[in-house]
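Pasted below: start_32.cif, mmCIF, C-alpha atoms.
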data_my_file
#
loop_
_atom_site.label_atom_id
_atom_site.label_comp_id
_atom_site.auth_asym_id
_atom_site.auth_seq_id
_atom_site.Cartn_x
_atom_site.Cartn_y
_atom_site.Cartn_z
CA MET A 128 -29.59 146.56 17.76
CA MET A 129 -30.45 144.03 20.48
CA THR A 130 -34.18 144.49 20.00
CA GLU A 131 -33.82 144.06 16.25
CA SER A 132 -31.75 140.90 16.83
CA LYS A 133 -34.63 139.41 18.86
CA GLU A 134 -37.11 140.33 16.16
CA ILE A 135 -35.08 138.77 13.36
CA LYS A 136 -34.36 135.48 15.19
CA LEU A 137 -30.93 134.57 13.92
CA ILE A 138 -31.07 130.96 15.15
CA ASP A 139 -34.33 129.01 15.24
CA GLU A 140 -35.45 126.23 17.61
CA GLU A 141 -33.84 123.57 15.41
CA GLY A 142 -30.52 125.38 15.50
CA ARG A 143 -30.82 126.56 11.90
CA ARG A 144 -29.70 130.01 10.78
CA VAL A 145 -31.66 132.70 8.91
CA ASP A 146 -30.83 131.14 5.56
CA GLY A 147 -31.48 127.59 6.77
CA ARG A 148 -27.82 126.60 7.23
CA LYS A 149 -26.37 124.67 10.14
CA PRO A 150 -23.92 126.66 12.32
CA ASP A 151 -20.84 125.01 10.76
CA GLU A 152 -22.08 125.15 7.17
CA LEU A 153 -20.63 127.33 4.42
CA ARG A 154 -22.80 129.14 1.92
CA PRO A 155 -22.84 127.66 -1.62
CA ILE A 156 -19.54 128.68 -3.22
CA ARG A 157 -18.67 128.98 -6.89
CA ILE A 158 -15.09 129.78 -7.89
CA GLU A 159 -13.71 130.31 -11.39
CA ALA A 160 -10.20 131.25 -12.53
CA GLY A 161 -9.23 133.14 -15.69
CA VAL A 162 -12.58 134.84 -16.25
CA LEU A 163 -11.30 138.18 -17.58
CA GLU A 164 -9.49 138.30 -20.90
CA LYS A 165 -7.64 141.62 -20.63
CA SER A 166 -5.99 141.08 -17.26
CA ASP A 167 -2.91 138.92 -16.67
CA GLY A 168 -4.77 136.84 -14.12
CA SER A 169 -8.31 136.86 -12.83
CA ALA A 170 -10.84 135.04 -10.71
CA TYR A 171 -14.51 135.15 -9.84
CA ILE A 172 -16.09 134.04 -6.60
CA GLU A 173 -19.67 133.69 -5.48
CA VAL A 174 -20.26 133.00 -1.81
CA GLY A 175 -24.00 132.84 -1.37
CA ARG A 176 -25.16 136.19 -2.74
CA THR A 177 -21.73 137.83 -2.48
CA LYS A 178 -20.18 138.21 -5.93
CA ILE A 179 -16.59 139.36 -6.47
CA PHE A 180 -14.17 139.70 -9.37
CA ALA A 181 -10.41 139.88 -8.83
CA ALA A 182 -7.90 140.87 -11.50
CA VAL A 183 -4.12 141.04 -11.52
CA PHE A 184 -1.88 143.16 -13.75
CA GLY A 185 1.89 143.07 -13.86
CA PRO A 186 4.64 142.94 -12.77
CA ARG A 187 4.98 146.34 -14.45
CA GLU A 188 7.07 149.47 -13.99
CA VAL A 189 6.21 151.55 -10.96
CA HIS A 190 4.61 154.95 -11.47
CA PRO A 191 5.28 157.25 -9.69
CA LYS A 192 8.92 156.14 -9.57
CA HIS A 193 9.51 157.07 -5.93
CA LEU A 194 7.24 154.21 -4.86
CA GLU A 195 9.50 151.52 -6.31
CA LEU A 196 11.58 149.32 -4.04
CA PRO A 197 15.12 148.28 -5.04
CA ASP A 198 14.87 144.75 -3.65
CA ARG A 199 11.30 143.64 -4.29
CA ALA A 200 8.04 144.34 -6.06
CA VAL A 201 5.34 146.57 -4.66
CA LEU A 202 1.98 144.87 -4.23
CA ASN A 203 -0.73 147.39 -4.96
CA CYS A 204 -4.14 146.21 -3.79
CA ARG A 205 -7.42 147.94 -4.43
CA TYR A 206 -10.57 146.65 -2.80
CA HIS A 207 -13.59 148.43 -4.20
CA MET A 208 -17.32 147.99 -3.90
CA ALA A 209 -19.42 148.83 -6.93
CA SER A 210 -22.05 151.53 -6.43
CA PHE A 211 -24.77 148.95 -7.05
CA SER A 212 -23.29 146.30 -4.75
CA VAL A 213 -25.23 147.34 -1.65
CA ASP A 214 -28.85 148.27 -0.85
CA GLU A 215 -28.27 152.02 -0.89
CA ARG A 216 -26.13 153.46 -3.66
CA LYS A 217 -22.51 153.64 -2.53
CA PRO A 218 -20.61 156.78 -3.59
CA LEU A 219 -18.05 156.13 -6.32
CA GLY A 220 -14.83 157.06 -4.52
CA MET A 221 -12.80 154.98 -2.11
CA THR A 222 -14.29 155.09 1.38
CA ARG A 223 -12.27 154.78 4.59
CA ARG A 224 -13.42 151.16 4.89
CA GLU A 225 -12.27 150.34 1.36
CA ILE A 226 -8.87 151.94 1.94
CA GLU A 227 -8.45 149.91 5.13
CA LEU A 228 -9.54 146.68 3.47
CA SER A 229 -7.12 147.32 0.58
CA LYS A 230 -4.33 147.44 3.16
CA VAL A 231 -5.60 144.32 4.93
CA LEU A 232 -5.72 142.46 1.62
CA ARG A 233 -2.23 143.60 0.67
CA GLU A 234 -0.74 142.51 3.97
CA ALA A 235 -2.35 139.09 3.71
CA LEU A 236 -1.23 138.55 0.10
CA GLU A 237 2.32 139.78 0.70
CA THR A 238 2.96 136.78 2.94
CA VAL A 239 2.64 134.30 0.06
CA VAL A 240 3.93 136.15 -3.03
CA PHE A 241 7.66 135.95 -3.84
CA LEU A 242 7.98 139.71 -4.32
CA GLU A 243 11.79 139.60 -4.33
CA GLU A 244 11.67 137.94 -7.77
CA PHE A 245 10.56 141.22 -9.37
CA PRO A 246 12.54 144.16 -7.93
CA ARG A 247 11.52 147.69 -8.94
CA THR A 248 8.14 146.58 -10.24
CA MET A 249 4.52 146.76 -9.17
CA ILE A 250 1.88 144.07 -9.14
CA ASP A 251 -1.66 145.41 -9.20
CA VAL A 252 -4.46 143.46 -7.57
CA PHE A 253 -7.98 144.75 -8.11
CA VAL A 254 -10.85 143.32 -6.10
CA GLU A 255 -14.23 144.52 -7.28
CA VAL A 256 -17.28 143.67 -5.21
CA ILE A 257 -20.24 143.35 -7.55
CA GLN A 258 -22.77 142.31 -4.94
CA ALA A 259 -22.21 142.37 -1.19
CA ASP A 260 -23.94 140.07 1.26
CA GLY A 261 -21.36 139.73 4.01
CA GLY A 262 -17.88 138.19 3.94
CA THR A 263 -16.59 140.40 1.12
CA ARG A 264 -13.07 140.79 2.53
CA THR A 265 -12.64 137.03 2.97
CA ALA A 266 -14.09 136.24 -0.44
CA GLY A 267 -11.94 139.05 -1.88
CA ILE A 268 -8.75 137.52 -0.46
CA THR A 269 -9.73 134.07 -1.74
CA ALA A 270 -10.34 135.45 -5.24
CA ALA A 271 -7.24 137.67 -5.23
CA SER A 272 -4.91 134.79 -4.34
CA LEU A 273 -6.45 132.74 -7.13
CA ALA A 274 -6.01 135.60 -9.60
CA LEU A 275 -2.35 135.95 -8.60
CA ALA A 276 -1.78 132.24 -9.20
CA ASP A 277 -3.60 132.54 -12.52
CA ALA A 278 -1.30 135.42 -13.53
CA GLY A 279 1.75 133.19 -13.15
CA ILE A 280 3.08 135.06 -10.12
CA PRO A 281 5.25 132.75 -7.98
CA MET A 282 3.60 132.03 -4.65
CA SER A 283 4.38 129.81 -1.69
CA ASP A 284 0.73 128.85 -1.21
CA LEU A 285 -2.82 129.91 -2.02
CA ILE A 286 -4.84 131.81 0.56
CA ALA A 287 -8.36 130.83 1.49
CA ALA A 288 -10.49 132.80 3.91
CA THR A 289 -13.79 132.76 5.70
CA ALA A 290 -15.39 134.41 8.71
CA VAL A 291 -16.75 132.97 11.93
CA GLY A 292 -19.40 134.92 13.78
CA LYS A 293 -21.31 134.73 17.02
CA VAL A 294 -25.06 135.07 16.71
CA ALA A 295 -27.54 134.52 19.50
CA GLY A 296 -24.69 133.06 21.59
CA THR A 297 -23.81 130.44 18.95
CA LEU A 298 -20.67 130.33 16.86
CA VAL A 299 -21.52 130.22 13.16
CA LEU A 300 -19.33 129.75 10.12
CA ASP A 301 -19.32 132.05 7.07
CA ILE A 302 -21.66 134.76 8.29
CA ASN A 303 -23.89 136.62 5.89
CA ASP A 304 -24.92 140.28 5.95
CA ILE A 305 -27.83 139.92 8.43
CA GLU A 306 -25.74 137.84 10.84
CA ASP A 307 -22.93 140.37 10.52
CA LYS A 308 -25.24 143.31 11.28
CA TYR A 309 -27.23 141.82 14.14
CA GLY A 310 -24.77 139.29 15.53
CA GLU A 311 -22.50 139.68 18.55
CA ALA A 312 -19.11 139.06 16.93
CA ASP A 313 -17.46 138.70 13.53
CA MET A 314 -14.03 137.17 13.04
CA PRO A 315 -12.59 137.02 9.50
CA VAL A 316 -9.76 134.51 9.17
CA ALA A 317 -7.44 133.92 6.20
CA MET A 318 -5.04 131.00 6.14
CA THR A 319 -2.53 129.31 3.90
CA PRO A 320 -4.07 125.84 4.05
CA ARG A 321 -0.94 123.79 3.29
CA ARG A 322 1.25 125.52 5.84
CA ASN A 323 -1.70 126.02 8.16
CA SER A 324 -0.58 129.54 9.04
CA ILE A 325 -2.91 132.46 9.71
CA VAL A 326 -2.30 135.46 7.45
CA LEU A 327 -5.31 137.50 8.55
CA LEU A 328 -7.21 137.51 11.80
CA GLN A 329 -9.56 140.26 12.85
CA LEU A 330 -12.19 140.27 15.56
CA ASN A 331 -15.08 142.65 15.79
CA GLY A 332 -17.08 142.02 18.98
CA ARG A 333 -16.36 139.81 21.96
CA MET A 334 -15.54 136.13 22.37
CA THR A 335 -14.23 134.12 25.29
CA SER A 336 -10.89 132.33 24.87
CA GLU A 337 -12.72 128.99 24.48
CA GLU A 338 -14.99 130.49 21.85
CA LEU A 339 -11.97 131.92 20.06
CA LYS A 340 -10.31 128.50 19.94
CA LYS A 341 -13.49 126.87 18.70
CA ALA A 342 -14.01 129.67 16.15
CA LEU A 343 -10.49 129.17 14.79
CA GLU A 344 -11.12 125.44 14.49
CA MET A 345 -14.38 126.09 12.63
CA ALA A 346 -12.66 128.60 10.33
CA SER A 347 -9.88 126.13 9.62
CA GLN A 348 -12.39 123.46 8.60
CA GLY A 349 -14.23 125.92 6.33
CA ILE A 350 -10.99 127.14 4.79
CA LYS A 351 -9.97 123.59 3.88
CA LYS A 352 -13.22 123.22 1.92
CA ILE A 353 -12.72 126.55 0.16
CA TYR A 354 -9.12 125.59 -0.66
CA GLN A 355 -10.32 122.43 -2.40
CA LEU A 356 -12.64 124.57 -4.54
CA GLN A 357 -9.72 126.90 -5.37
CA ILE A 358 -7.60 123.96 -6.51
CA GLU A 359 -10.48 122.58 -8.58
CA ALA A 360 -10.95 125.99 -10.25
CA LEU A 361 -7.26 126.25 -11.19
CA LYS A 362 -7.05 122.65 -12.39
CA LYS A 363 -10.23 123.08 -14.43
CA ARG A 364 -8.75 126.15 -16.12
CA TYR A 365 -5.42 124.61 -16.99
CA SER A 366 -6.04 120.91 -17.39
CA VAL A 367 -5.38 119.88 -20.98
CA VAL A 368 -6.60 116.63 -22.35
CA SER A 369 -3.90 115.10 -24.51
CA LEU A 370 -4.02 112.00 -26.66
CA GLU A 371 -2.07 109.16 -25.12
CA GLU A 372 0.49 107.67 -27.47
CA MET B 263 -7.01 110.04 -23.65
CA LYS B 264 -4.93 111.31 -20.78
CA ARG B 265 -5.39 114.37 -18.60
CA GLU B 266 -2.14 116.24 -17.99
CA GLU B 267 -1.11 116.72 -14.41
CA VAL B 268 -1.54 120.23 -13.03
CA VAL B 269 0.03 121.45 -9.81
CA VAL B 270 -0.89 124.61 -7.92
CA PRO B 271 1.25 126.89 -5.72
CA GLY B 272 2.11 125.20 -2.43
CA GLU B 273 1.37 121.70 -3.69
CA PRO B 274 4.02 119.24 -2.45
CA LEU B 275 5.82 117.35 -5.23
CA CYS B 276 8.32 115.18 -3.38
CA ILE B 277 10.77 115.34 -0.51
CA ILE B 278 14.29 116.76 -0.59
CA GLU B 279 15.87 113.29 -0.29
CA GLU B 280 14.29 112.25 -3.60
CA PHE B 281 14.95 115.22 -5.89
CA PHE B 282 16.68 118.62 -5.93
CA PRO B 283 14.36 121.63 -6.16
CA GLY B 284 14.66 123.00 -9.72
CA LYS B 285 12.98 125.87 -11.55
CA GLY B 286 9.45 126.61 -10.40
CA THR B 287 9.89 124.83 -7.08
CA LYS B 288 11.10 125.61 -3.57
CA ALA B 289 12.11 123.49 -0.61
CA SER B 290 10.21 124.10 2.60
CA ASN B 291 11.54 123.87 6.15
CA ASP B 292 9.94 120.47 6.68
CA GLY B 293 11.98 119.00 3.80
CA SER B 294 9.27 118.81 1.18
CA ILE B 295 9.56 120.40 -2.25
CA TYR B 296 6.55 122.35 -3.41
CA SER B 297 5.46 124.12 -6.58
CA ILE B 298 5.38 127.92 -6.74
CA TYR B 299 3.36 128.12 -9.97
CA VAL B 300 0.26 126.70 -11.56
CA GLY B 301 2.10 124.45 -13.95
CA LYS B 302 3.13 121.07 -15.14
CA PRO B 303 5.62 119.13 -13.03
CA SER B 304 8.46 117.12 -14.53
CA PHE B 305 10.98 114.88 -12.86
CA ASP B 306 14.50 114.71 -14.31
CA PHE B 307 15.77 111.32 -13.20
CA LYS B 308 19.28 111.94 -14.61
CA LYS B 309 19.90 115.14 -12.67
CA ARG B 310 17.55 114.05 -9.85
CA GLU B 311 15.76 117.37 -10.20
CA VAL B 312 12.09 118.31 -10.07
CA LEU B 313 10.84 121.21 -12.20
CA VAL B 314 7.53 122.98 -12.70
CA SER B 315 6.92 124.78 -15.98
CA PRO B 316 4.24 127.44 -15.46
CA PHE B 317 1.27 127.55 -17.81
CA LYS B 318 1.35 131.34 -17.81
CA LYS B 319 4.75 133.01 -17.80
CA VAL B 320 5.33 136.48 -16.46
CA GLU B 321 6.57 138.77 -19.23
CA ASN B 322 10.29 139.12 -18.64
CA VAL B 323 13.38 140.56 -20.32
CA ARG B 324 16.50 138.47 -19.74
CA LYS B 325 20.21 139.12 -19.99
CA GLY B 326 21.60 138.26 -23.44
CA GLU B 327 18.32 138.93 -25.28
CA HIS B 328 17.92 141.47 -28.08
CA VAL B 329 15.31 144.17 -27.55
CA VAL B 330 13.77 147.06 -29.47
CA ALA B 331 13.81 150.35 -27.59
CA GLU B 332 12.93 154.01 -28.06
CA VAL B 333 15.40 156.68 -26.92
CA LYS B 334 13.76 158.99 -24.40
CA ASP B 335 16.64 161.04 -23.03
CA LEU B 336 20.24 161.51 -24.02
CA GLN B 337 23.33 162.75 -22.26
CA ASP B 338 27.06 162.55 -23.08
CA LYS B 339 27.72 159.08 -21.74
CA ILE B 340 24.31 157.70 -20.93
CA ALA B 341 20.90 157.46 -22.59
CA VAL B 342 17.55 156.55 -21.09
CA VAL B 343 15.50 154.30 -23.32
CA GLN B 344 12.22 152.45 -23.11
CA ILE B 345 12.15 148.81 -24.12
CA ILE B 346 9.08 148.39 -26.31
CA ALA B 347 9.46 144.97 -27.91
CA LYS B 348 11.42 141.76 -28.19
CA PRO B 349 12.32 140.74 -31.76
CA ASN B 350 10.91 137.23 -31.56
CA SER B 351 7.93 137.76 -29.33
CA GLY B 352 6.55 141.15 -30.41
CA PRO B 353 5.63 144.20 -28.34
CA LEU B 354 5.84 144.06 -24.56
CA LYS B 355 2.64 144.54 -22.61
CA TYR B 356 4.54 146.48 -19.98
CA ARG B 357 7.35 148.76 -21.18
CA ARG B 358 10.59 148.89 -19.21
CA THR B 359 13.00 151.74 -18.73
CA ALA B 360 16.66 150.92 -19.42
CA VAL B 361 19.95 152.73 -19.89
CA VAL B 362 22.43 152.63 -22.75
CA VAL B 363 26.00 153.35 -21.71
CA SER B 364 28.55 154.77 -24.16
CA LYS B 365 31.72 152.99 -25.17
CA LYS B 366 34.79 154.29 -23.38
CA GLY B 367 35.89 157.59 -24.92
CA GLU B 368 33.01 157.77 -27.43
CA PRO B 369 30.24 160.31 -26.86
CA LEU B 370 26.83 158.71 -27.12
CA ASP B 371 25.22 161.57 -29.03
CA ASN B 372 27.14 160.49 -32.13
CA ALA B 373 25.60 157.04 -31.93
CA ILE B 374 21.93 157.69 -31.06
CA GLY B 375 19.45 160.56 -30.81
CA ILE B 376 16.25 161.25 -28.93
CA GLY B 377 13.28 159.54 -30.57
CA ASP B 378 15.40 156.95 -32.38
CA ILE B 379 14.32 153.33 -32.46
CA ILE B 380 17.23 151.05 -31.57
CA ILE B 381 17.96 147.36 -31.43
CA ALA B 382 20.17 146.54 -28.45
CA LEU B 383 21.48 143.65 -26.45
CA VAL B 384 20.58 143.37 -22.76
CA SER B 385 24.07 143.34 -21.27
CA ASN B 386 23.18 143.44 -17.60
CA ILE B 387 20.24 143.33 -15.21
CA LEU B 388 20.82 144.39 -11.63
CA ASN B 389 17.90 144.67 -9.19
CA GLY B 390 15.46 145.35 -11.99
CA MET B 391 17.68 147.91 -13.74
CA TYR B 392 18.45 147.07 -17.36
CA THR B 393 21.65 148.05 -19.17
CA LEU B 394 21.64 147.83 -22.95
CA ASP B 395 24.54 147.56 -25.38
CA ILE B 396 24.17 149.09 -28.84
CA TYR B 397 27.73 148.24 -29.91
CA ALA B 398 27.09 144.47 -30.02
CA PRO B 399 26.83 142.79 -33.46
CA SER B 400 23.56 143.46 -35.33
CA CYS B 401 22.68 146.19 -32.83
CA GLY B 402 22.28 149.93 -33.35
CA VAL B 403 19.74 152.41 -34.66
CA ILE B 404 17.09 150.97 -36.99
CA LEU B 405 15.16 154.22 -37.46
CA ALA B 406 16.45 157.70 -36.63
CA MET B 407 14.83 161.12 -36.32
CA CYS B 408 16.30 164.51 -37.18
CA SER B 409 17.25 166.26 -33.97
CA TYR B 410 15.98 169.59 -35.38
CA CYS B 411 12.73 168.91 -37.24
CA ARG B 412 11.90 165.32 -36.05
CA ALA B 413 11.52 164.04 -39.63
CA THR B 414 12.95 160.63 -40.55
CA LEU B 415 16.62 160.47 -41.48
CA LEU B 416 17.23 158.74 -44.79
CA LEU B 417 20.36 156.74 -45.51
CA LYS B 418 22.15 158.25 -48.52
CA GLY B 419 25.46 156.56 -49.19
CA ASN B 420 27.19 156.45 -45.86
CA SER B 421 25.47 159.44 -44.29
CA LEU B 422 22.05 160.06 -42.79
CA VAL B 423 20.18 162.99 -44.29
CA CYS B 424 16.97 164.52 -43.01
CA SER B 425 14.09 164.00 -45.42
CA ARG B 426 12.69 167.48 -44.62
CA CYS B 427 15.46 169.92 -43.75
CA GLY B 428 18.41 168.14 -45.35
CA ARG B 429 20.49 168.17 -42.17
CA LYS B 430 23.22 165.52 -41.98
CA GLU B 431 23.59 163.52 -38.77
CA SER B 432 25.64 160.57 -37.58
CA ARG B 433 24.36 157.42 -35.90
CA ARG B 434 25.55 153.91 -35.18
CA ILE B 435 23.14 152.17 -37.53
CA THR B 436 22.22 148.52 -38.01
CA HIS B 437 22.55 146.88 -41.43
CA ASP B 438 18.72 146.93 -41.58
CA TYR B 439 18.53 150.73 -41.14
CA GLY B 440 15.31 152.20 -42.49
CA ASN B 441 13.78 148.82 -43.23
CA ILE B 442 10.27 149.54 -42.00
CA ASN B 443 9.07 146.09 -43.00
CA LYS B 444 11.68 144.54 -40.76
CA LEU B 445 10.68 146.83 -37.88
CA PHE B 446 7.00 146.00 -38.37
CA GLN B 447 7.89 142.32 -38.45
CA ILE B 448 9.79 142.68 -35.17
CA MET B 449 6.88 144.52 -33.60
CA GLY B 450 4.50 141.82 -34.78
CA TRP B 451 2.33 144.26 -36.74
CA GLY B 452 2.66 142.47 -40.06
CA VAL B 453 2.86 144.19 -43.45
#

Could you render the structure from this file as structure tokens?
Amino acid sequence: MMTESKEIKLIDEEGRRVDGRKPDELRPIRIEAGVLEKSDGSAYIEVGRTKIFAAVFGPREVHPKHLELPDRAVLNCRYHMASFSVDERKPLGMTRREIELSKVLREALETVVFLEEFPRTMIDVFVEVIQADGGTRTAGITAASLALADAGIPMSDLIAATAVGKVAGTLVLDINDIEDKYGEADMPVAMTPRRNSIVLLQLNGRMTSEELKKALEMASQGIKKIYQLQIEALKKRYSVVSLEE
Amino acid sequence: MKREEVVVPGEPLCIIEEFFPGKGTKASNDGSIYSIYVGKPSFDFKKREVLVSPFKKVENVRKGEHVVAEVKDLQDKIAVVQIIAKPNSGPLKYRRTAVVVSKKGEPLDNAIGIGDIIIALVSNILNGMYTLDIYAPSCGVILAMCSYCRATLLLKGNSLVCSRCGRKESRRITHDYGNINKLFQIMGWGV
């Protein structure tokens, strides 16, 4: 891994990354809400070459019945990567990674959804990765929270997420697939931007406490930008031009 | 031309000293009132209340509404039904299971049968459990099935007679019993 990292040169002499970005620069992001007709709420996100759809169904009756909760709704999240989303064909079923990420997504989303408004029901959240180029869990959370808002589910805030990585000893924002594979650390962060609370924080690799603080600050700045794009996407979908009397 | 204001979940609307939090809003610990939906905010200056009406409403069945349901299971005093539609808004996207409770001292199997389509009033909702009343005005069975051969029961005089086997059965029927056009209209299928 280390030898490959030297060969690839993740940061050049000018401090630019493999795709020409500065360390604190996000990839180009495109967010749309209400892209799927059949679902109750949906969203699409493109972060660089990562492409993800999120769809929400419900609240609906719980099947099987023993899963239902008497005081709140069950949030059922499914993170799935399409077979064609990665370089080598991914088998169709849910892998261990996908099952874990479904849980991670659910736990992050549960913090903002008012589940107690819909007892004995289930809200389905489907996150389908169409093309993966790093940062799929963070982009998935961003899209899923937008899809929930689009479905009319009451929420205390939207969730925006991004990852901070450490490549060639430098902290970089919104890492892509190469930086994730050959870098030294990867830290996905999801936050509720208004309340400024962290709803997801994972760290794969090593960082010093100073680096961790700086990484959180970088993530927070990136998340604020993503949040603005989320708001724009929702307002674009629902803004109605009316004739002034 | 004017663009309507749109608020998103978590967006602060005002502070608690200015307005009370109404429908579609919540008060946060720091004293601000924020929206919980993507919707249109409105400020009621008479009641000093702020409201947010969501652009997309979650499909909901409320207490006091009439619903169309199909009987799935029947016992002496209780029946399990599935709510399939609301008379004014057509079929539900997500069906809900509900119970119909008999009137005191009256067995329910004289009033409804398995497979019947009923119109009922939602009399109670507790923690997502729906209780329906078929004894309310304009409620009852709108289409019944023979409990032996599953053919439609036809209304002949005051009794219901099976169109295939001729068996007579009793039901608590609505005044629109057997009116398929009315049922189709309720279901939003059009005729």

Starting from the shown file, work through the PyMOL selection byres ((chain B) within 8 of (chain A)) and note down what comes out as a ChimeraX atom specification. /B:263-273,286,296-300,316-321,356-359,389-391

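Using all atoms listed in the file, the contacts of range 422-425 of chain B at a cut-off of 9 Å, with sequence neighbours closer than 4 positions omitted, comprise Ala406, Met407, Cys408, Cys411, Arg412, Ala413, Thr414, Leu415, Leu416, Leu417, Lys418, Arg429, Lys430, Glu431, Ser432 and Arg433 of chain B.
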
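Between Tyr439 in chain B and the residues B:Ile381, B:Leu394, B:Trp451, B:Pro399, the shortest atom-to-atom distance, using all atoms listed in the file, involves B:Ile381.
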
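Evaluated against this file, the PyMOL selection byres ((chain A and resi 152) around 9) yields Arg148, Lys149, Pro150, Asp151, Leu153, Arg154, Val299, Leu300, Asp301 and Gly349 of chain A.
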
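Of the listed residues (A:Asp146, A:Glu338, A:Ile305, A:Ile350), A:Ile350 comes nearest to Ala290 in chain A; the distances count all atoms listed in the file.
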
I need the output of the PyMOL selection byres ((chain B and resi 309) around 12) for this file as a PyMOL selection string; which residues are they? chain B and resi 280-284+304-308+310-313

Just give me the gap between CA of Ala347 in chain B and CA of Asn386 in chain B in Å, one decimal is fine.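 So the two atoms, CA of Ala347 in chain B and CA of Asn386 in chain B, lie 17.2 Å apart.
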
Which residue is closest to Gly310 in chain A? Choose from A:Leu236, A:Val291, A:Leu194, A:Leu202 and count only C-alpha atoms. A:Val291

Considering all atoms listed in the file, can you say which of A:Ile250, A:Ile158, A:Leu242, A:Ala346 comes closest to Ala288 in chain A?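 Checking each candidate against Ala288 in chain A, we get A:Ala346 as the closest.
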
May I have the residues within 8 Å of Ile156 in chain A as a PyMOL selection string, using all atoms listed in the file and disregarding those fewer than 3 positions away in the same chain? chain A and resi 153+172-175+353

Residue subset to file, keeping C-alpha atoms, as a CSV table (one decimal), keeping the file's coordinate frame:
chain,number,residue,atom,x,y,z
A,153,LEU,CA,-20.6,127.3,4.4
A,172,ILE,CA,-16.1,134.0,-6.6
A,173,GLU,CA,-19.7,133.7,-5.5
A,174,VAL,CA,-20.3,133.0,-1.8
A,175,GLY,CA,-24.0,132.8,-1.4
A,353,ILE,CA,-12.7,126.6,0.2

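One finds CA of Glu306 in chain A at 12.4 Å from CA of Gly147 in chain A.
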
Contacts of range 204-212 of chain A at 9 Å or less, counting only C-alpha atoms, minus same-chain residues fewer than 2 places along, as a short mmCIF file (atom, residue, chain, number, x, y, z; two decimals) with C-alpha atoms, in the frame of the given file?
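Output file selection-v4.cif is given in full below:
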data_model
loop_
_atom_site.label_atom_id
_atom_site.label_comp_id
_atom_site.auth_asym_id
_atom_site.auth_seq_id
_atom_site.Cartn_x
_atom_site.Cartn_y
_atom_site.Cartn_z
CA THR A 177 -21.73 137.83 -2.48
CA LYS A 178 -20.18 138.21 -5.93
CA LEU A 202 1.98 144.87 -4.23
CA ASP A 214 -28.85 148.27 -0.85
CA GLU A 215 -28.27 152.02 -0.89
CA ARG A 216 -26.13 153.46 -3.66
CA LYS A 217 -22.51 153.64 -2.53
CA PRO A 218 -20.61 156.78 -3.59
CA LEU A 219 -18.05 156.13 -6.32
CA GLY A 220 -14.83 157.06 -4.52
CA MET A 221 -12.80 154.98 -2.11
CA THR A 222 -14.29 155.09 1.38
CA GLU A 225 -12.27 150.34 1.36
CA ILE A 226 -8.87 151.94 1.94
CA GLU A 227 -8.45 149.91 5.13
CA LEU A 228 -9.54 146.68 3.47
CA SER A 229 -7.12 147.32 0.58
CA LYS A 230 -4.33 147.44 3.16
CA LEU A 232 -5.72 142.46 1.62
CA ARG A 233 -2.23 143.60 0.67
CA ILE A 250 1.88 144.07 -9.14
CA ASP A 251 -1.66 145.41 -9.20
CA VAL A 252 -4.46 143.46 -7.57
CA PHE A 253 -7.98 144.75 -8.11
CA VAL A 254 -10.85 143.32 -6.10
CA GLU A 255 -14.23 144.52 -7.28
CA VAL A 256 -17.28 143.67 -5.21
CA ILE A 257 -20.24 143.35 -7.55
CA GLN A 258 -22.77 142.31 -4.94
CA ALA A 259 -22.21 142.37 -1.19
CA ASP A 260 -23.94 140.07 1.26
CA ARG A 264 -13.07 140.79 2.53
CA GLY A 267 -11.94 139.05 -1.88
#

Scan for residues within 9 Å of the point (27.0, 151.9, -23.0) in the coordinates of the file, using only C-alpha atoms, and reply as an MDAnalysis selection string. chainID B and resid 339:341 361:366 370 393:397

Ile448 in chain B surroundings by only C-alpha atoms, 12 Å radius, close-in-sequence under 4 positions cut, as a PyMOL selection string: chain B and resi 328-331+346-354+379-381+404+438+441-444+452-453

Mind giving me the straight-line distance from CA of Lys352 in chain A to CA of Phe180 in chain A in Å, one decimal?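 Taking CA of Lys352 in chain A as the start and CA of Phe180 in chain A as the end point, the length is 20.0 Å.
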
Choose the residue, out of A:Leu137, A:Leu298, A:Ala360, A:Val145, that has the smallest atom-to-atom separation from Glu344 in chain A; count all atoms listed in the file. A:Leu298

May I ask which of the residues B:Arg426, B:Arg434, B:Lys302, B:Lys325 is the closest one to Pro369 in chain B, counting all atoms listed in the file? B:Arg434

Only N, CA and C atoms, as a JSON list (two decimals), in the first residue's frame: that is what I want for range 365-369 of chain B.
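Generated output (part_11.json):
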[["chain", "number", "residue", "atom", "x", "y", "z"],
["B", 365, "LYS", "N", -71.59, -3.67, 18.93],
["B", 365, "LYS", "CA", -72.38, -2.92, 19.91],
["B", 365, "LYS", "C", -72.63, -3.85, 21.10],
["B", 366, "LYS", "N", -72.83, -3.28, 22.25],
["B", 366, "LYS", "CA", -73.01, -4.09, 23.45],
["B", 366, "LYS", "C", -74.21, -5.05, 23.26],
["B", 367, "GLY", "N", -73.96, -6.32, 23.47],
["B", 367, "GLY", "CA", -75.03, -7.32, 23.41],
["B", 367, "GLY", "C", -75.39, -7.79, 22.02],
["B", 368, "GLU", "N", -74.81, -7.20, 20.98],
["B", 368, "GLU", "CA", -75.13, -7.60, 19.60],
["B", 368, "GLU", "C", -73.97, -8.35, 18.98],
["B", 369, "PRO", "N", -74.15, -9.59, 18.55],
["B", 369, "PRO", "CA", -73.03, -10.28, 17.91],
["B", 369, "PRO", "C", -72.71, -9.63, 16.56]]
